[in-house]
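Asker: So that you have it, the file is final_22.cif, and it contains mmCIF, C-alpha atoms:
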```cif
data_model
#
loop_
_atom_site.label_atom_id
_atom_site.label_comp_id
_atom_site.auth_asym_id
_atom_site.auth_seq_id
_atom_site.Cartn_x
_atom_site.Cartn_y
_atom_site.Cartn_z
CA MET V 8 83.67 12.73 33.96
CA ILE V 9 83.71 9.64 31.73
CA ARG V 10 82.68 11.75 28.73
CA PHE V 11 85.50 14.22 29.47
CA LEU V 12 88.09 11.44 29.69
CA PHE V 13 86.82 9.95 26.43
CA GLN V 14 87.10 13.32 24.67
CA GLU V 15 90.57 13.85 26.13
CA LYS V 16 91.62 10.42 24.83
CA ILE V 17 90.33 11.23 21.33
CA LEU V 18 92.23 14.54 21.39
CA VAL V 19 95.47 12.80 22.37
CA ILE V 20 94.98 10.26 19.56
CA LEU V 21 94.35 13.03 17.00
CA ILE V 22 97.44 14.96 18.07
CA THR V 23 99.61 11.82 18.05
CA VAL V 24 98.41 10.63 14.65
CA SER V 25 98.79 14.13 13.15
CA VAL V 26 102.36 14.49 14.42
CA LEU V 27 103.28 10.98 13.23
CA LEU V 28 101.83 11.59 9.76
CA ILE V 29 103.67 14.91 9.40
CA ALA V 30 106.93 13.31 10.58
CA TRP V 31 106.43 10.33 8.26
CA GLN V 32 105.79 12.66 5.34
CA ARG V 33 108.92 14.63 6.16
CA TRP V 34 111.34 11.74 6.68
CA GLY V 35 109.60 8.87 4.92
CA MET V 36 106.63 8.22 2.66
CA ASN V 37 109.02 8.31 -0.30
CA SER V 38 107.81 7.47 -3.80
CA THR V 39 110.02 6.95 -6.85
CA LEU V 40 109.06 6.44 -10.49
CA VAL V 41 111.90 5.01 -12.60
CA LEU V 42 111.79 5.26 -16.39
CA ASN V 43 114.43 3.20 -18.20
CA ALA V 44 114.97 1.45 -21.52
CA SER V 45 113.10 -1.66 -20.40
CA HIS V 46 110.10 0.18 -18.99
CA PRO V 47 106.88 -0.91 -20.78
CA TRP V 48 105.38 2.59 -20.69
CA VAL V 49 108.26 4.32 -22.47
CA ARG V 50 108.65 4.51 -26.25
CA ALA V 51 111.74 6.39 -27.40
CA SER V 52 112.34 7.91 -30.83
CA ALA V 53 114.64 10.47 -32.44
CA ILE V 54 113.32 13.91 -33.36
CA ASP V 55 114.88 16.71 -35.40
CA ASP V 56 114.08 19.89 -37.31
CA HIS V 57 112.91 18.19 -40.53
CA ILE V 58 109.30 19.02 -39.65
CA ASP V 59 110.25 22.72 -40.05
CA GLY V 60 112.33 22.11 -43.20
CA GLY V 61 115.70 21.68 -41.44
CA ASN V 62 118.65 19.48 -42.42
CA SER V 63 119.74 18.06 -39.04
CA VAL V 64 120.12 14.31 -38.73
CA CYS V 65 119.90 12.11 -35.64
CA SER V 66 119.27 8.51 -34.66
CA THR V 67 118.42 6.60 -31.52
CA THR V 68 119.61 3.20 -30.40
CA ILE V 69 118.16 1.38 -27.43
CA SER V 70 119.99 -1.23 -25.38
CA SER V 71 118.91 -3.06 -22.26
CA ASP V 72 120.13 -0.36 -19.89
CA ARG V 73 120.23 2.94 -21.81
CA TRP V 74 119.09 5.10 -24.68
CA ARG V 75 121.68 6.57 -27.05
CA LEU V 76 121.18 9.65 -29.20
CA ASN V 77 123.60 10.34 -32.07
CA TYR V 78 123.07 13.83 -33.46
CA ASP V 79 124.30 16.05 -36.26
CA VAL V 80 122.86 19.54 -36.08
CA ARG V 81 123.12 21.25 -39.46
CA PRO V 82 122.25 24.72 -40.78
CA GLY V 83 118.98 25.03 -42.56
CA VAL V 84 116.43 26.67 -40.25
CA SER V 85 116.72 29.26 -37.53
CA TRP V 86 115.91 26.75 -34.84
CA ALA V 87 118.03 23.71 -35.79
CA PHE V 88 118.03 20.86 -33.30
CA CYS V 89 118.17 17.15 -32.64
CA GLY V 90 116.76 15.26 -29.72
CA ILE V 91 115.16 12.19 -28.23
CA ASN V 92 111.45 11.95 -27.45
CA PHE V 93 109.92 9.65 -24.79
CA LYS V 94 106.23 8.95 -25.16
CA LEU V 95 104.70 7.91 -21.84
CA ALA V 96 101.61 5.75 -22.26
CA PRO V 97 100.49 3.38 -19.48
CA VAL V 98 98.94 0.20 -20.82
CA ALA V 99 95.13 0.39 -21.35
CA ALA V 100 95.09 4.02 -20.18
CA HIS V 101 93.53 7.00 -21.92
CA ARG V 102 95.81 9.47 -20.22
CA GLY V 103 99.47 9.94 -19.45
CA ILE V 104 101.36 9.70 -16.17
CA ASP V 105 100.41 11.68 -13.08
CA LEU V 106 103.61 13.28 -11.80
CA SER V 107 101.90 15.79 -9.50
CA ARG V 108 103.15 14.14 -6.31
CA TYR V 109 106.82 14.25 -7.34
CA ASP V 110 109.04 17.22 -6.57
CA THR V 111 112.35 16.37 -8.30
CA MET V 112 113.44 14.91 -11.61
CA GLU V 113 116.77 13.08 -11.69
CA VAL V 114 118.52 12.39 -15.00
CA PHE V 115 121.26 9.74 -15.08
CA LEU V 116 123.66 10.17 -18.03
CA SER V 117 126.37 7.70 -19.12
CA ARG V 118 127.93 9.91 -21.77
CA MET V 119 127.50 13.37 -23.21
CA GLN V 120 130.02 14.22 -25.88
CA GLY V 121 129.93 16.69 -28.70
CA VAL V 122 129.24 20.32 -29.42
CA SER V 123 126.23 20.78 -27.13
CA PRO V 124 127.23 21.50 -23.48
CA SER V 125 123.64 21.45 -22.24
CA LEU V 126 120.25 19.92 -22.92
CA GLN V 127 116.82 21.45 -22.99
CA ILE V 128 114.25 19.23 -21.26
CA GLN V 129 110.70 19.62 -22.49
CA VAL V 130 107.83 17.96 -20.67
CA LYS V 131 104.55 17.86 -22.58
CA THR V 132 101.29 17.55 -20.69
CA MET V 133 97.62 17.54 -21.58
CA ASP V 134 95.55 20.70 -21.20
CA SER V 135 92.17 19.76 -22.71
CA SER V 136 91.15 23.39 -23.11
CA ILE V 137 94.10 24.01 -25.50
CA TYR V 138 94.89 20.64 -27.04
CA LYS V 139 93.94 19.89 -30.65
CA PRO V 140 94.54 16.35 -32.02
CA SER V 141 95.53 17.77 -35.41
CA ASP V 142 98.21 20.03 -33.89
CA GLY V 143 101.24 18.14 -32.58
CA THR V 144 102.56 21.15 -30.65
CA SER V 145 99.30 21.83 -28.80
CA LEU V 146 100.33 19.61 -25.87
CA LYS V 147 101.35 21.98 -23.12
CA TYR V 148 105.11 22.55 -23.03
CA MET V 149 107.04 22.88 -19.79
CA ALA V 150 110.76 23.48 -20.12
CA ALA V 151 113.94 23.48 -18.01
CA THR V 152 117.67 23.49 -18.79
CA LEU V 153 120.06 20.67 -17.86
CA PHE V 154 123.78 21.32 -17.42
CA PRO V 155 125.39 17.95 -16.67
CA SER V 156 128.16 18.04 -14.07
CA SER V 157 130.32 15.65 -16.08
CA SER V 158 130.51 14.23 -19.58
CA MET V 159 130.52 10.70 -18.13
CA ASP V 160 128.28 8.96 -15.59
CA SER V 161 126.57 11.95 -14.06
CA LYS V 162 123.36 12.49 -12.13
CA SER V 163 121.52 15.78 -12.45
CA ILE V 164 118.75 16.76 -10.05
CA ILE V 165 116.17 19.20 -11.34
CA PRO V 166 113.46 20.49 -8.98
CA MET V 167 110.08 20.25 -10.68
CA GLY V 168 109.41 23.81 -9.61
CA LEU V 169 112.06 25.03 -12.10
CA PHE V 170 109.95 23.97 -15.06
CA SER V 171 107.94 26.74 -16.68
CA VAL V 172 105.72 27.14 -19.72
CA PRO V 173 107.83 28.79 -22.51
CA THR V 174 106.75 32.25 -23.62
CA TRP V 175 106.71 31.20 -27.32
CA TRP V 176 104.11 28.55 -26.54
CA ILE V 177 102.04 30.96 -24.44
CA SER V 178 102.09 33.48 -27.30
CA ARG V 179 101.28 30.92 -29.97
CA TYR V 180 98.13 29.71 -28.21
CA ARG V 181 97.22 32.99 -26.51
CA LEU V 182 97.17 31.17 -23.18
CA PRO V 183 94.94 32.69 -20.47
CA ILE V 184 96.75 33.64 -17.28
CA ASP V 185 95.11 30.83 -15.30
CA HIS V 186 96.55 28.24 -17.74
CA GLN V 187 100.14 29.54 -17.76
CA SER V 188 101.34 27.52 -14.77
CA PRO V 189 102.77 23.97 -15.11
CA ASN V 190 100.42 21.03 -14.83
CA TRP V 191 101.83 17.61 -13.94
CA SER V 192 98.66 15.54 -13.68
CA ASP V 193 98.64 14.15 -17.24
CA VAL V 194 102.17 14.03 -18.69
CA ARG V 195 102.33 12.51 -22.19
CA GLU V 196 105.90 13.11 -23.40
CA VAL V 197 109.41 14.05 -22.23
CA GLU V 198 112.05 15.37 -24.66
CA PHE V 199 115.76 16.10 -24.45
CA LEU V 200 116.93 18.59 -27.14
CA THR V 201 120.50 19.55 -28.08
CA THR V 202 119.66 23.20 -28.70
CA ASN V 203 119.00 25.39 -25.70
CA GLY V 204 118.71 29.10 -26.23
CA LYS V 205 121.54 29.23 -28.80
CA VAL V 206 121.87 26.99 -31.86
CA VAL V 207 125.19 25.11 -32.00
CA PHE V 208 126.00 23.17 -35.15
CA GLY V 209 127.93 19.94 -35.04
CA THR V 210 127.82 16.32 -33.93
CA GLY V 211 127.73 14.51 -30.62
CA THR V 212 126.38 11.69 -28.52
CA VAL V 213 124.08 11.60 -25.50
CA GLU V 214 123.49 8.43 -23.51
CA ILE V 215 120.69 8.38 -20.92
CA ARG V 216 120.59 5.48 -18.49
CA ARG V 217 117.35 6.34 -16.75
CA ILE V 218 115.06 9.11 -15.55
CA GLU V 219 113.70 9.12 -12.00
CA PHE V 220 110.94 11.17 -10.48
CA ARG V 221 111.09 11.40 -6.70
CA GLY V 222 108.54 12.68 -4.24
CA LYS V 223 106.09 11.63 -1.56
CA TRP V 224 103.07 9.37 -1.65
CA ILE V 225 101.12 12.34 -0.36
CA ARG V 226 102.25 15.89 -0.97
CA GLN V 227 102.79 17.97 2.12
CA ASP V 228 100.07 20.50 1.27
CA ARG V 229 97.54 17.74 0.59
CA LEU V 230 98.45 15.94 3.81
CA LEU V 231 98.07 19.15 5.82
CA TYR V 232 94.72 19.85 4.15
CA ALA V 233 93.60 16.29 4.94
CA ILE V 234 94.68 16.59 8.60
CA LEU V 235 92.96 19.97 8.84
CA ALA V 236 89.80 18.45 7.32
CA VAL V 237 89.85 15.58 9.84
CA TRP V 238 90.31 18.03 12.71
CA PHE V 239 87.48 20.17 11.36
CA LEU V 240 85.16 17.16 11.00
CA CYS V 241 86.05 15.94 14.51
CA ALA V 242 85.43 19.41 15.92
CA LEU V 243 82.14 19.62 14.02
CA GLY V 244 81.21 16.15 15.26
CA ALA V 245 82.08 17.09 18.84
CA LEU V 246 80.00 20.27 18.62
CA THR V 247 77.10 18.35 17.07
CA TRP V 248 77.34 15.70 19.79
CA ARG V 249 77.40 18.37 22.51
CA LEU V 250 74.39 20.07 20.94
CA PHE V 251 72.60 16.72 20.73
CA CYS V 252 73.50 15.95 24.35
CA SER V 253 72.42 19.40 25.51
CA ILE V 254 69.07 18.96 23.76
CA GLY V 255 68.78 15.50 25.29
CA ASN V 256 69.72 16.84 28.72
CA GLU V 257 67.23 19.66 28.36
CA HIS V 258 64.54 17.16 27.41
CA GLU V 259 65.58 14.96 30.34
CA LEU V 260 65.45 17.91 32.74
CA GLN V 261 62.04 18.86 31.43
CA ASN V 262 60.90 15.27 31.88
CA LEU V 263 62.30 15.18 35.41
CA ALA V 264 60.57 18.47 36.21
CA ALA V 265 57.29 16.91 35.08
CA ARG V 266 57.71 13.74 37.17
CA ASP V 267 57.34 12.91 40.83
CA PRO V 268 60.83 11.80 41.93
CA LEU V 269 59.49 9.24 44.44
CA THR V 270 56.97 7.30 42.35
CA GLY V 271 58.02 8.21 38.80
CA LEU V 272 54.47 9.23 37.97
CA ARG V 273 53.65 12.63 36.52
CA ASN V 274 53.25 15.48 38.95
CA ARG V 275 50.54 18.11 38.54
CA ARG V 276 52.58 20.10 36.03
CA GLY V 277 53.40 17.02 34.00
CA PHE V 278 49.79 15.87 34.10
CA ASP V 279 48.51 19.24 32.86
CA ASP V 280 51.03 19.26 29.98
CA ALA V 281 50.19 15.68 28.99
CA LEU V 282 46.45 16.39 29.17
CA SER V 283 46.83 19.47 26.94
CA ALA V 284 48.79 17.41 24.41
CA LEU V 285 46.17 14.66 24.56
CA ALA V 286 43.36 17.16 23.99
CA GLY V 287 45.27 18.68 21.07
CA ARG V 288 45.29 15.32 19.30
CA GLN V 289 41.51 15.00 19.45
CA LYS V 290 39.42 16.10 16.46
CA ASP V 291 36.78 17.69 18.70
CA PRO V 292 37.87 17.76 22.37
CA GLN V 293 34.55 19.39 23.33
CA ASP V 294 32.72 16.07 22.74
CA VAL V 295 35.31 13.64 24.14
CA LYS V 296 34.09 11.60 27.09
CA ILE V 297 36.46 10.89 29.96
CA GLY V 298 36.42 9.29 33.38
CA VAL V 299 38.29 10.84 36.29
CA LEU V 300 39.45 8.86 39.34
CA MET V 301 40.76 10.32 42.58
CA LEU V 302 42.50 7.89 44.97
CA ASP V 303 43.54 8.51 48.56
CA LEU V 304 45.31 5.95 50.80
CA ASP V 305 43.48 5.23 54.03
CA ASN V 306 45.14 6.15 57.32
CA PHE V 307 48.41 7.00 55.56
CA LYS V 308 49.60 9.24 58.39
CA LYS V 309 49.34 6.24 60.70
CA ILE V 310 51.61 4.28 58.35
CA ASN V 311 54.28 6.99 58.50
CA ASP V 312 53.94 7.42 62.26
CA THR V 313 53.96 3.67 62.98
CA LEU V 314 56.26 2.18 60.37
CA GLY V 315 58.34 5.21 59.40
CA HIS V 316 58.64 7.39 56.31
CA ASN V 317 60.62 4.73 54.43
CA ALA V 318 57.62 2.43 54.73
CA GLY V 319 55.33 5.22 53.54
CA ASP V 320 57.56 5.86 50.52
CA GLU V 321 57.55 2.16 49.61
CA VAL V 322 53.76 2.02 49.88
CA LEU V 323 53.42 5.03 47.57
CA ARG V 324 55.69 3.37 45.02
CA GLN V 325 53.66 0.14 45.12
CA VAL V 326 50.38 2.02 44.62
CA ALA V 327 51.93 3.99 41.73
CA GLY V 328 52.91 0.67 40.12
CA ILE V 329 49.35 -0.63 40.38
CA LEU V 330 47.97 2.52 38.74
CA GLU V 331 50.48 2.29 35.90
CA ASN V 332 49.52 -1.36 35.30
CA HIS V 333 45.95 -0.20 34.59
CA MET V 334 46.97 2.58 32.21
CA ARG V 335 46.31 2.13 28.47
CA CYS V 336 46.74 4.38 25.44
CA GLY V 337 44.94 7.65 26.13
CA ASN V 338 45.06 7.18 29.94
CA LEU V 339 46.97 9.43 32.30
CA CYS V 340 47.80 9.20 35.99
CA ALA V 341 49.70 11.38 38.44
CA ARG V 342 50.63 11.75 42.04
CA TRP V 343 48.37 14.64 42.89
CA GLY V 344 49.90 15.38 46.24
CA GLY V 345 50.85 13.55 49.43
CA GLU V 346 49.03 10.20 49.34
CA GLU V 347 46.54 11.32 46.67
CA PHE V 348 46.60 10.07 43.07
CA LEU V 349 44.59 11.23 40.05
CA ALA V 350 43.85 9.24 36.90
CA CYS V 351 42.09 10.17 33.65
CA PHE V 352 40.63 7.59 31.23
CA LEU V 353 39.82 8.64 27.68
CA HIS V 354 36.67 7.30 25.94
CA ILE V 355 35.83 5.00 28.85
CA PRO V 356 32.12 4.14 29.21
CA HIS V 357 30.28 5.11 32.37
CA ASP V 358 29.89 1.58 33.72
CA GLY V 359 33.42 0.64 32.67
CA LEU V 360 34.83 3.43 34.84
CA TYR V 361 33.29 1.96 38.00
CA ARG V 362 34.51 -1.57 37.21
CA LEU V 363 38.04 -0.30 36.60
CA ALA V 364 38.05 1.71 39.84
CA GLU V 365 36.89 -1.36 41.75
CA ARG V 366 39.70 -3.47 40.27
CA ILE V 367 42.24 -0.84 41.30
CA ARG V 368 40.84 -0.77 44.85
CA LEU V 369 40.96 -4.58 45.10
CA ASP V 370 44.52 -4.71 43.74
CA ILE V 371 45.65 -2.25 46.41
CA GLU V 372 43.86 -4.13 49.16
CA SER V 373 45.25 -7.51 48.12
CA SER V 374 48.82 -6.68 47.15
CA VAL V 375 50.05 -3.53 48.92
CA GLU V 376 51.52 -4.23 52.31
CA TRP V 377 54.52 -3.48 54.47
CA LYS V 378 55.75 -5.94 57.07
CA GLY V 379 52.30 -7.42 57.50
CA PHE V 380 50.53 -4.05 57.51
CA ARG V 381 47.76 -4.14 54.87
CA ILE V 382 47.02 -0.95 52.90
CA THR V 383 43.64 0.13 51.51
CA GLY V 384 42.48 3.08 49.45
CA SER V 385 39.34 5.13 48.99
CA ILE V 386 38.35 6.17 45.46
CA GLY V 387 36.06 8.85 44.08
CA ILE V 388 35.05 8.78 40.42
CA THR V 389 33.09 10.91 37.99
CA HIS V 390 32.28 10.86 34.28
CA GLY V 391 31.92 13.74 31.83
CA LEU V 392 33.50 15.78 29.02
CA LEU V 393 37.19 16.45 28.54
CA SER V 394 36.42 20.15 28.20
CA ASP V 395 35.03 20.12 31.77
CA PHE V 396 38.13 18.51 33.26
CA ASP V 397 38.61 21.00 36.11
CA THR V 398 35.00 20.51 37.19
CA LEU V 399 35.38 16.73 37.01
CA VAL V 400 38.42 16.86 39.30
CA LYS V 401 36.42 18.75 41.90
CA GLN V 402 33.55 16.27 41.58
CA SER V 403 35.85 13.25 41.97
CA ASP V 404 37.36 14.88 45.04
CA LYS V 405 33.88 15.28 46.56
CA ALA V 406 33.10 11.64 45.75
CA LEU V 407 36.36 10.63 47.44
CA TYR V 408 35.37 12.58 50.54
CA CYS V 409 32.08 10.67 50.62
CA ALA V 410 33.91 7.34 50.27
CA LYS V 411 36.10 8.14 53.25
CA ALA V 412 33.14 9.42 55.27
CA GLU V 413 31.25 6.15 54.66
CA GLY V 414 34.04 4.01 56.07
CA ARG V 415 36.95 4.04 53.57
CA ASN V 416 38.23 1.27 51.28
CA ARG V 417 35.43 1.74 48.77
CA VAL V 418 34.61 3.37 45.41
CA LYS V 419 32.12 6.22 45.43
CA GLU V 420 30.70 7.93 42.30
CA PHE V 421 29.80 11.63 42.23
CA ARG V 422 26.02 12.16 42.07
#
```
What would you get if you wrote out this structure as structure tokens?
Answerer:
Amino acid sequence: MIRFLFQEKILVILITVSVLLIAWQRWGMNSTLVLNASHPWVRASAIDDHIDGGNSVCSTTISSDRWRLNYDVRPGVSWAFCGINFKLAPVAAHRGIDLSRYDTMEVFLSRMQGVSPSLQIQVKTMDSSIYKPSDGTSLKYMAATLFPSSSMDSKSIIPMGLFSVPTWWISRYRLPIDHQSPNWSDVREVEFLTTNGKVVFGTGTVEIRRIEFRGKWIRQDRLLYAILAVWFLCALGALTWRLFCSIGNEHELQNLAARDPLTGLRNRRGFDDALSALAGRQKDPQDVKIGVLMLDLDNFKKINDTLGHNAGDEVLRQVAGILENHMRCGNLCARWGGEEFLACFLHIPHDGLYRLAERIRLDIESSVEWKGFRITGSIGITHGLLSDFDTLVKQSDKALYCAKAEGRNRVKEFR
């Protein structure tokens, strides 16, 4: 019952924590990365088509709260453009910025005037399988189009899922299909270009106040995977614990089946199993010497009839305790039945067996009593080989019969 209540409590805690984490991820757990002109990671510079032989001209000015791009797109090459490039390099880092947990990009513009009505945003990220240090365009391109809602003070929200790898870049580097999806884990650069799809010649100005990436500390899919993993581990732990408990319970049941419930000593079944295990640990059980002792309480029926069965049970427990006190490594004892007890002593010498039996008899005579009623025991002993155990039991039983016939409360050896 206690175990069930404990498991029920754990289940309630798991459900509560899971629901709270999912709710927190949905309505909280917000994370925002702000890139502005004063950010130490951001280095802004103007870019144009001169690298391809073009004639466009542009410049960038940086103030405390914005970047300003002045452009003049001129004919000269098929893909004429101007733009502003932001290199993202955390201090003392050998990689760019991890934007994988963000789901939206927000661009805050102060002014956008001139011939270009839109901007092409290019995010460049590292794909080590493609990148070549000598090739400036081998950073992976991911592109999206920005149409500002106003020429002055506007905010544009672009879901990160709208970014895609341009087909020209895929074709140039013969990109395998498994590398054609966006990768936000190592972003190195962000660019804003005046030309988007169609080249428009002329001048203009773009002022960017800041760029924000918004998302969650933990993405929803990762959180759900983590919760699922915790549930799986808890379920696995519970199953393992149940298996462990069932094995333990089985072992406990087997142990109980091998024990006498009144005295705690082994019963006949338990004694036989323990003796077989003991013999199995011997190098040559055929040559192992043992002593066997059979003990019977004198006039035990009179104890039950006079003092009651509770008194008889207490006497049996006391005698069992005395036998256990004389057990050492390699010794076994059991309640053989009724008021009879059997003990086996491994490697005991012949004369040592008699002295031990006498000490047991004296201990019973001097210490076992019930309400002034003194208890004595008769003991039969024999000595021989472990391989002849069954014969030795019969011999000790005959010696016990002789001890009782000669007046009880004595030790008799089989002859």
Asker: Return as a list in words the set of residues that the PyMOL selection byres ((chain V and resi 125-127) around 10) yields on the displayed structure.
Answerer: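 Checking the PyMOL selection byres ((chain V and resi 125-127) around 10) against this file, the residues are Gly90, Met119, Val122, Ser123, Pro124, Ile128, Gln129, Val130, Ala150, Ala151, Thr152, Leu153, Phe154, Pro155, Ser156, Glu198, Phe199, Leu200, Thr201, Thr202, Asn203, Gly204 and Val213 of chain V.
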Asker: Taking C-alpha atoms for each residue, export the selection above as a CSV table (one decimal), in the frame of the given file.
Answerer:
```
chain,number,residue,atom,x,y,z
V,90,GLY,CA,116.8,15.3,-29.7
V,119,MET,CA,127.5,13.4,-23.2
V,122,VAL,CA,129.2,20.3,-29.4
V,123,SER,CA,126.2,20.8,-27.1
V,124,PRO,CA,127.2,21.5,-23.5
V,128,ILE,CA,114.2,19.2,-21.3
V,129,GLN,CA,110.7,19.6,-22.5
V,130,VAL,CA,107.8,18.0,-20.7
V,150,ALA,CA,110.8,23.5,-20.1
V,151,ALA,CA,113.9,23.5,-18.0
V,152,THR,CA,117.7,23.5,-18.8
V,153,LEU,CA,120.1,20.7,-17.9
V,154,PHE,CA,123.8,21.3,-17.4
V,155,PRO,CA,125.4,18.0,-16.7
V,156,SER,CA,128.2,18.0,-14.1
V,198,GLU,CA,112.0,15.4,-24.7
V,199,PHE,CA,115.8,16.1,-24.4
V,200,LEU,CA,116.9,18.6,-27.1
V,201,THR,CA,120.5,19.6,-28.1
V,202,THR,CA,119.7,23.2,-28.7
V,203,ASN,CA,119.0,25.4,-25.7
V,204,GLY,CA,118.7,29.1,-26.2
V,213,VAL,CA,124.1,11.6,-25.5
```
Asker: I want to know what sits within 6 Å of V:Thr67, based on all atoms listed in the file, with residues of the same chain fewer than 4 positions away left out; could you give that as a list in words?
Answerer: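 Skipping anything fewer than 4 positions along the chain leaves Ala53, Arg75 and Leu76 of chain V.
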Asker: Can you list, as a PDB file with C-alpha atoms, in the frame of the given file, every protein, DNA or RNA residue that comes within 12 Å of stretch 361-375 of chain V when you count only C-alpha atoms, leaving out same-chain residues fewer than 4 positions away?
Answerer:
```
ATOM      1  CA  GLY V 298      36.420   9.290  33.380  1.00  0.00           C
ATOM      2  CA  VAL V 299      38.290  10.840  36.290  1.00  0.00           C
ATOM      3  CA  LEU V 300      39.450   8.860  39.340  1.00  0.00           C
ATOM      4  CA  MET V 301      40.760  10.320  42.580  1.00  0.00           C
ATOM      5  CA  LEU V 302      42.500   7.890  44.970  1.00  0.00           C
ATOM      6  CA  ASP V 303      43.540   8.510  48.560  1.00  0.00           C
ATOM      7  CA  LEU V 304      45.310   5.950  50.800  1.00  0.00           C
ATOM      8  CA  ASP V 305      43.480   5.230  54.030  1.00  0.00           C
ATOM      9  CA  ALA V 318      57.620   2.430  54.730  1.00  0.00           C
ATOM     10  CA  GLY V 319      55.330   5.220  53.540  1.00  0.00           C
ATOM     11  CA  GLU V 321      57.550   2.160  49.610  1.00  0.00           C
ATOM     12  CA  VAL V 322      53.760   2.020  49.880  1.00  0.00           C
ATOM     13  CA  LEU V 323      53.420   5.030  47.570  1.00  0.00           C
ATOM     14  CA  ARG V 324      55.690   3.370  45.020  1.00  0.00           C
ATOM     15  CA  GLN V 325      53.660   0.140  45.120  1.00  0.00           C
ATOM     16  CA  VAL V 326      50.380   2.020  44.620  1.00  0.00           C
ATOM     17  CA  ALA V 327      51.930   3.990  41.730  1.00  0.00           C
ATOM     18  CA  GLY V 328      52.910   0.670  40.120  1.00  0.00           C
ATOM     19  CA  ILE V 329      49.350  -0.630  40.380  1.00  0.00           C
ATOM     20  CA  LEU V 330      47.970   2.520  38.740  1.00  0.00           C
ATOM     21  CA  GLU V 331      50.480   2.290  35.900  1.00  0.00           C
ATOM     22  CA  ASN V 332      49.520  -1.360  35.300  1.00  0.00           C
ATOM     23  CA  HIS V 333      45.950  -0.200  34.590  1.00  0.00           C
ATOM     24  CA  MET V 334      46.970   2.580  32.210  1.00  0.00           C
ATOM     25  CA  ARG V 335      46.310   2.130  28.470  1.00  0.00           C
ATOM     26  CA  PHE V 348      46.600  10.070  43.070  1.00  0.00           C
ATOM     27  CA  LEU V 349      44.590  11.230  40.050  1.00  0.00           C
ATOM     28  CA  ALA V 350      43.850   9.240  36.900  1.00  0.00           C
ATOM     29  CA  CYS V 351      42.090  10.170  33.650  1.00  0.00           C
ATOM     30  CA  PHE V 352      40.630   7.590  31.230  1.00  0.00           C
ATOM     31  CA  ILE V 355      35.830   5.000  28.850  1.00  0.00           C
ATOM     32  CA  PRO V 356      32.120   4.140  29.210  1.00  0.00           C
ATOM     33  CA  HIS V 357      30.280   5.110  32.370  1.00  0.00           C
ATOM     34  CA  GLY V 379      52.300  -7.420  57.500  1.00  0.00           C
ATOM     35  CA  PHE V 380      50.530  -4.050  57.510  1.00  0.00           C
ATOM     36  CA  ARG V 381      47.760  -4.140  54.870  1.00  0.00           C
ATOM     37  CA  ILE V 382      47.020  -0.950  52.900  1.00  0.00           C
ATOM     38  CA  THR V 383      43.640   0.130  51.510  1.00  0.00           C
ATOM     39  CA  GLY V 384      42.480   3.080  49.450  1.00  0.00           C
ATOM     40  CA  SER V 385      39.340   5.130  48.990  1.00  0.00           C
ATOM     41  CA  ILE V 386      38.350   6.170  45.460  1.00  0.00           C
ATOM     42  CA  GLY V 387      36.060   8.850  44.080  1.00  0.00           C
ATOM     43  CA  ILE V 388      35.050   8.780  40.420  1.00  0.00           C
ATOM     44  CA  THR V 389      33.090  10.910  37.990  1.00  0.00           C
ATOM     45  CA  HIS V 390      32.280  10.860  34.280  1.00  0.00           C
ATOM     46  CA  SER V 403      35.850  13.250  41.970  1.00  0.00           C
ATOM     47  CA  LEU V 407      36.360  10.630  47.440  1.00  0.00           C
ATOM     48  CA  ALA V 410      33.910   7.340  50.270  1.00  0.00           C
ATOM     49  CA  ARG V 415      36.950   4.040  53.570  1.00  0.00           C
ATOM     50  CA  ASN V 416      38.230   1.270  51.280  1.00  0.00           C
ATOM     51  CA  ARG V 417      35.430   1.740  48.770  1.00  0.00           C
ATOM     52  CA  VAL V 418      34.610   3.370  45.410  1.00  0.00           C
ATOM     53  CA  LYS V 419      32.120   6.220  45.430  1.00  0.00           C
ATOM     54  CA  GLU V 420      30.700   7.930  42.300  1.00  0.00           C
ATOM     55  CA  PHE V 421      29.800  11.630  42.230  1.00  0.00           C
TER      56      PHE V 421
END
```
Asker: Between atom CA of V:Met159 and atom CA of V:Arg118, what is the distance, to one decimal in Å?
Answerer: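 A separation of 4.5 Å between them.
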Asker: Taking all atoms listed in the file into account, which of V:Thr398, V:Thr132, V:Ser163, V:Thr270 comes nearest V:Ala96?
Answerer: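 Distance minimum relative to V:Ala96 lands on V:Thr132.
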Asker: Give me the residues near V:Asp320 as a list in words, where near means some atom within 10 Å (using all atoms listed in the file) and where sequence neighbours in that chain fewer than 5 positions away do not count.
Answerer: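 Once the nearby chain positions are removed, what remains is Leu269, Thr270, Ile310, Asn311, Gly315, Gln325 and Glu346 of chain V.
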Asker: How far is it from atom CA of V:Thr212 to atom CA of V:Ser45, in Å with one decimal?
Answerer: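 Computing the Euclidean distance for atom CA of V:Thr212 and atom CA of V:Ser45 yields 20.5 Å.
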Asker: Run the PyMOL selection byres ((chain V and resi 170) around 6) against the file shown and list the residues it catches, as a compact mmCIF listing (two decimals) with C-alpha atoms, keeping the file's coordinate frame.
Answerer:
```txt
# COMPACT_ATOMS: atom_id res chain seq x y z
CA MET V 149 107.04 22.88 -19.79
CA ALA V 150 110.76 23.48 -20.12
CA ALA V 151 113.94 23.48 -18.01
CA MET V 167 110.08 20.25 -10.68
CA GLY V 168 109.41 23.81 -9.61
CA LEU V 169 112.06 25.03 -12.10
CA SER V 171 107.94 26.74 -16.68
```
Asker: Which one is closest to V:Glu113: V:Trp34, V:Arg181, V:Arg216, V:Pro189? Count all atoms listed in the file.
Answerer: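 Closest to V:Glu113 of all the choices is V:Arg216.
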